[in-house]
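Structure data follow from input.csv (CSV, C-alpha atoms):
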```csv
chain,number,residue,atom,x,y,z
A,1,MET,CA,-94.5,12.4,-26.2
A,2,GLY,CA,-91.3,14.1,-27.1
A,3,ASP,CA,-92.0,14.1,-30.9
A,4,LEU,CA,-95.5,15.5,-30.3
A,5,THR,CA,-94.1,18.3,-28.1
A,6,THR,CA,-91.5,19.1,-30.7
A,7,TRP,CA,-94.1,19.2,-33.4
A,8,LEU,CA,-96.5,21.4,-31.4
A,9,THR,CA,-93.7,23.8,-30.5
A,10,ALA,CA,-92.8,24.1,-34.2
A,11,ALA,CA,-96.5,24.8,-35.1
A,12,GLY,CA,-96.4,28.1,-33.2
A,13,PRO,CA,-99.6,29.5,-31.7
A,14,MET,CA,-101.7,26.8,-33.2
A,15,GLY,CA,-99.4,24.2,-31.5
A,16,MET,CA,-99.9,26.1,-28.2
A,17,PHE,CA,-103.7,25.9,-28.7
A,18,VAL,CA,-103.6,22.1,-29.4
A,19,ALA,CA,-101.3,21.4,-26.5
A,20,ALA,CA,-103.5,23.4,-24.2
A,21,VAL,CA,-106.7,21.6,-25.4
A,22,LEU,CA,-105.0,18.3,-24.7
A,23,ALA,CA,-103.7,19.4,-21.3
A,24,GLY,CA,-107.1,20.8,-20.3
A,25,SER,CA,-108.9,17.6,-21.2
A,26,VAL,CA,-108.6,14.1,-19.7
A,27,PHE,CA,-105.5,13.4,-21.7
A,28,PRO,CA,-102.3,13.6,-19.7
A,29,PHE,CA,-100.2,16.3,-21.4
A,30,SER,CA,-98.1,19.2,-20.3
A,31,SER,CA,-98.8,22.4,-22.2
A,32,GLU,CA,-96.2,24.2,-20.2
A,33,VAL,CA,-93.4,22.5,-22.1
A,34,VAL,CA,-94.8,23.8,-25.4
A,35,MET,CA,-95.3,27.2,-23.8
A,36,MET,CA,-91.7,27.4,-22.6
A,37,GLY,CA,-90.5,26.2,-26.0
A,38,LEU,CA,-92.5,28.9,-27.8
A,39,LEU,CA,-91.4,31.6,-25.4
A,40,SER,CA,-87.8,30.6,-25.7
A,41,ALA,CA,-88.1,30.7,-29.5
A,42,GLY,CA,-89.2,34.3,-29.3
A,43,ALA,CA,-93.0,33.9,-29.7
A,44,ASP,CA,-95.2,36.8,-28.6
A,45,PRO,CA,-96.0,36.2,-24.9
A,46,VAL,CA,-99.4,37.7,-25.2
A,47,GLY,CA,-100.3,35.4,-28.1
A,48,VAL,CA,-99.0,32.4,-26.2
A,49,LEU,CA,-101.1,33.5,-23.2
A,50,ILE,CA,-104.2,33.9,-25.2
A,51,TRP,CA,-103.9,30.7,-27.3
A,52,GLY,CA,-103.0,28.7,-24.2
A,53,THR,CA,-105.9,30.0,-22.2
A,54,VAL,CA,-108.4,29.5,-24.9
A,55,GLY,CA,-107.2,26.0,-25.6
A,56,ASN,CA,-107.1,25.0,-22.0
A,57,VAL,CA,-110.5,26.3,-21.3
A,58,LEU,CA,-111.8,24.5,-24.4
A,59,GLY,CA,-110.3,21.2,-23.0
A,60,SER,CA,-112.1,21.8,-19.7
A,61,VAL,CA,-115.4,22.7,-21.5
A,62,ILE,CA,-115.1,19.3,-23.3
A,63,ASN,CA,-114.6,17.6,-19.9
A,64,TYR,CA,-117.7,19.5,-18.5
A,65,GLY,CA,-119.7,18.4,-21.6
A,66,ILE,CA,-118.6,14.8,-21.2
A,67,GLY,CA,-119.7,14.8,-17.5
A,68,ARG,CA,-123.0,16.6,-18.4
A,69,LEU,CA,-123.9,14.4,-21.3
A,70,LEU,CA,-122.8,11.0,-20.1
A,71,GLY,CA,-122.5,11.1,-16.4
A,72,ARG,CA,-125.9,11.6,-15.0
A,73,GLU,CA,-129.4,10.4,-15.7
A,74,GLU,CA,-132.2,12.6,-14.5
A,75,PRO,CA,-133.8,11.2,-11.3
A,76,THR,CA,-137.4,10.2,-11.5
A,77,THR,CA,-138.1,9.2,-7.9
A,78,ARG,CA,-137.0,10.5,-4.5
A,79,ARG,CA,-135.0,7.3,-4.0
A,80,GLU,CA,-133.1,7.9,-7.2
A,81,GLN,CA,-132.5,11.5,-6.2
A,82,SER,CA,-130.9,10.4,-2.9
A,83,ASN,CA,-128.6,8.0,-4.9
A,84,LEU,CA,-127.8,10.4,-7.7
A,85,PHE,CA,-124.0,10.4,-7.1
A,86,GLU,CA,-123.5,6.7,-6.4
A,87,LEU,CA,-120.2,5.5,-7.5
A,88,PRO,CA,-119.7,2.2,-9.1
A,89,SER,CA,-119.5,-0.9,-6.9
A,90,ARG,CA,-117.8,-4.1,-8.0
A,91,GLU,CA,-120.9,-4.9,-9.9
A,92,GLY,CA,-120.7,-1.5,-11.6
A,93,GLY,CA,-123.0,1.5,-11.1
A,94,ARG,CA,-124.6,2.9,-14.2
A,95,ARG,CA,-124.1,6.6,-13.7
A,96,SER,CA,-120.3,6.9,-13.4
A,97,GLN,CA,-119.2,3.5,-14.6
A,98,TRP,CA,-118.2,4.9,-18.0
A,99,MET,CA,-115.8,7.4,-16.3
A,100,VAL,CA,-114.0,4.6,-14.5
A,101,LYS,CA,-113.9,2.4,-17.6
A,102,TYR,CA,-113.1,4.8,-20.4
A,103,ALA,CA,-111.4,7.7,-18.8
A,104,LYS,CA,-109.5,5.4,-16.5
A,105,VAL,CA,-110.5,7.4,-13.4
A,106,SER,CA,-110.5,5.5,-10.2
A,107,PRO,CA,-113.6,5.6,-8.1
A,108,GLU,CA,-111.6,7.3,-5.3
A,109,LYS,CA,-110.4,10.1,-7.6
A,110,LEU,CA,-113.9,10.5,-9.0
A,111,GLU,CA,-115.2,10.8,-5.5
A,112,ARG,CA,-112.6,13.5,-4.7
A,113,GLY,CA,-113.7,15.6,-7.7
A,114,ARG,CA,-117.3,15.1,-6.7
A,115,THR,CA,-116.5,16.2,-3.1
A,116,TYR,CA,-114.9,19.5,-4.3
A,117,VAL,CA,-117.8,20.2,-6.6
A,118,SER,CA,-120.5,19.4,-4.1
A,119,LYS,CA,-118.8,21.6,-1.5
A,120,TYR,CA,-118.0,24.6,-3.8
A,121,GLY,CA,-120.4,24.3,-6.8
A,122,ALA,CA,-119.3,26.3,-9.8
A,123,TRP,CA,-116.5,27.9,-7.7
A,124,ALA,CA,-114.7,24.6,-8.0
A,125,GLY,CA,-113.8,25.7,-11.5
A,126,LEU,CA,-111.1,27.8,-10.0
A,127,LEU,CA,-109.3,24.5,-9.3
A,128,ALA,CA,-109.5,23.5,-12.9
A,129,TRP,CA,-105.9,24.7,-13.5
A,130,ILE,CA,-104.4,22.0,-11.2
A,131,PRO,CA,-103.0,19.1,-13.3
A,132,LEU,CA,-105.0,15.9,-13.0
A,133,LEU,CA,-107.3,17.2,-10.3
A,134,GLY,CA,-108.6,19.9,-12.7
A,135,SER,CA,-109.8,17.3,-15.2
A,136,LEU,CA,-111.7,15.4,-12.4
A,137,VAL,CA,-113.2,18.6,-11.1
A,138,THR,CA,-114.4,19.7,-14.6
A,139,VAL,CA,-115.9,16.3,-15.4
A,140,ALA,CA,-117.6,16.3,-12.0
A,141,MET,CA,-118.9,19.8,-12.6
A,142,GLY,CA,-120.7,18.6,-15.7
A,143,PHE,CA,-121.8,15.4,-13.9
A,144,MET,CA,-123.4,17.4,-11.1
A,145,ARG,CA,-124.8,20.0,-13.5
A,146,THR,CA,-123.3,23.1,-12.1
A,147,ASN,CA,-124.4,26.4,-13.7
A,148,PRO,CA,-122.7,26.3,-17.1
A,149,LEU,CA,-122.1,30.1,-17.3
A,150,TRP,CA,-120.5,30.4,-13.8
A,151,SER,CA,-118.6,27.2,-14.4
A,152,PHE,CA,-117.2,28.7,-17.6
A,153,VAL,CA,-116.3,31.9,-15.9
A,154,THR,CA,-114.5,30.3,-13.0
A,155,ILE,CA,-112.7,27.7,-15.2
A,156,ALA,CA,-111.5,30.5,-17.5
A,157,THR,CA,-110.4,32.7,-14.6
A,158,GLY,CA,-108.3,29.9,-13.1
A,159,LYS,CA,-106.8,28.9,-16.4
A,160,TYR,CA,-105.9,32.5,-17.4
A,161,LEU,CA,-104.3,33.2,-14.0
A,162,ARG,CA,-102.2,30.1,-14.2
A,163,TYR,CA,-100.8,30.9,-17.7
A,164,GLN,CA,-100.4,34.6,-16.7
A,165,ILE,CA,-98.2,33.6,-13.8
A,166,ILE,CA,-96.1,31.2,-16.0
A,167,VAL,CA,-95.6,33.9,-18.8
A,168,SER,CA,-94.9,36.6,-16.2
A,169,ALA,CA,-92.3,34.4,-14.5
A,170,TRP,CA,-90.7,33.6,-17.8
A,171,LEU,CA,-90.5,37.3,-18.8
A,172,MET,CA,-89.0,38.2,-15.4
A,173,ALA,CA,-86.4,35.4,-15.7
A,174,ALA,CA,-85.6,36.4,-19.3
A,175,GLU,CA,-84.7,40.0,-18.3
```
Starting from the file, give its structure as structure tokens.
Amino acid sequence: MGDLTTWLTAAGPMGMFVAAVLAGSVFPFSSEVVMMGLLSAGADPVGVLIWGTVGNVLGSVINYGIGRLLGREEPTTRREQSNLFELPSREGGRRSQWMVKYAKVSPEKLERGRTYVSKYGAWAGLLAWIPLLGSLVTVAMGFMRTNPLWSFVTIATGKYLRYQIIVSAWLMAAE
């Protein structure tokens, strides 16, 4: 991971964008390291903030899309509607089995993300900035078909505020 971080930092704003996309998606990556490297090298803080926010939001939108496209089948009967969010058992449930298998998300973590989204709806997007939990929440938002526009707005707001706090703290420390 050190070589990738070094390469992304050397790539400047585009490196920040790529690091933020990775960090915003289901891949475990820390965009803050790249952000700090860029700021320390004298990069424009506003540019780093913008590229970081746009990339991180794109990573979350990809998560949302994954959850929306692959995570849920439309219910056709009342019984299916009541079992819509069934998590996989040992035998494997069809609706979320792929998340456990391919994204390596445990059923317990998936349930935690689903709980936040079922409680807060699209407002759960404000939690998308939290490492690891944010990825689960954004996949769950797609899985549960929260309103795409409001989901985007809340995700973008949370991501922007997080990076704004990091850049502001760096600027205050640099003075």
#### Entry: Selection near Leu127 in chain A, 10 Å with only C-alpha atoms, sequence-local residues under 4 positions removed, as a PyMOL selection string
chain A and resi 116-117+123+131+133-138+154-155+157-159
## Note on the structure
Pairwise distance, CA of Phe143 in chain A with CA of Ser118 in chain A, equals 10.7 Å
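Picture a line from CA of Ala41 in chain A to CA of Val26 in chain A; it runs 28.1 Å.
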### Message
Show me, as a ChimeraX atom specification, the residues that have an atom within 8 Å of range 46-49 of chain A when counting all atoms listed in the file, minus same-chain residues fewer than 3 positions from it.
### Response
/A:13,16,35,38-39,43,52-53,160,163-164,167
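Relative to CA of Leu22 in chain A, CA of Leu8 in chain A is found at 11.3 Å.
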Report as a Markdown table the residues of range 114-147 of chain A within 8 Å of range 54-69 of chain A, each with its shortest atom pair and distance in Å (one decimal), using only C-alpha atoms, ordered by chain and increasing residue number.
```
| residue | atom | partner | partner_atom | distance |
| --- | --- | --- | --- | --- |
| A:Ala128 | CA | A:Ser60 | CA | 7.5 |
| A:Ser135 | CA | A:Asn63 | CA | 6.7 |
| A:Thr138 | CA | A:Tyr64 | CA | 5.1 |
| A:Val139 | CA | A:Gly67 | CA | 4.6 |
| A:Ala140 | CA | A:Gly67 | CA | 6.1 |
| A:Met141 | CA | A:Tyr64 | CA | 6.0 |
| A:Gly142 | CA | A:Arg68 | CA | 4.1 |
| A:Phe143 | CA | A:Gly67 | CA | 4.2 |
| A:Met144 | CA | A:Arg68 | CA | 7.4 |
| A:Arg145 | CA | A:Arg68 | CA | 6.2 |
```
### Query
Leaving out Ala174 in chain A and any residue of its chain fewer than 5 positions from it, which residues lie within 10 Å of it when counting only C-alpha atoms, given as number ranges by chain?
A: 39-40, 168-169
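Using only C-alpha atoms, the protein and nucleic acid residues lying no more than 10 Å from Lys109 in chain A, apart from those fewer than 3 places from it along its own chain, are Val100, Val105, Ser106, Arg112, Gly113, Arg114, Thr115, Leu132, Leu133, Leu136 and Val137 of chain A.
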### Message
Counting all atoms listed in the file, which residue out of A:Pro45, A:Gly2, A:Gly12, A:Gly125 sits closest to Ile166 in chain A?
### Response
A:Pro45
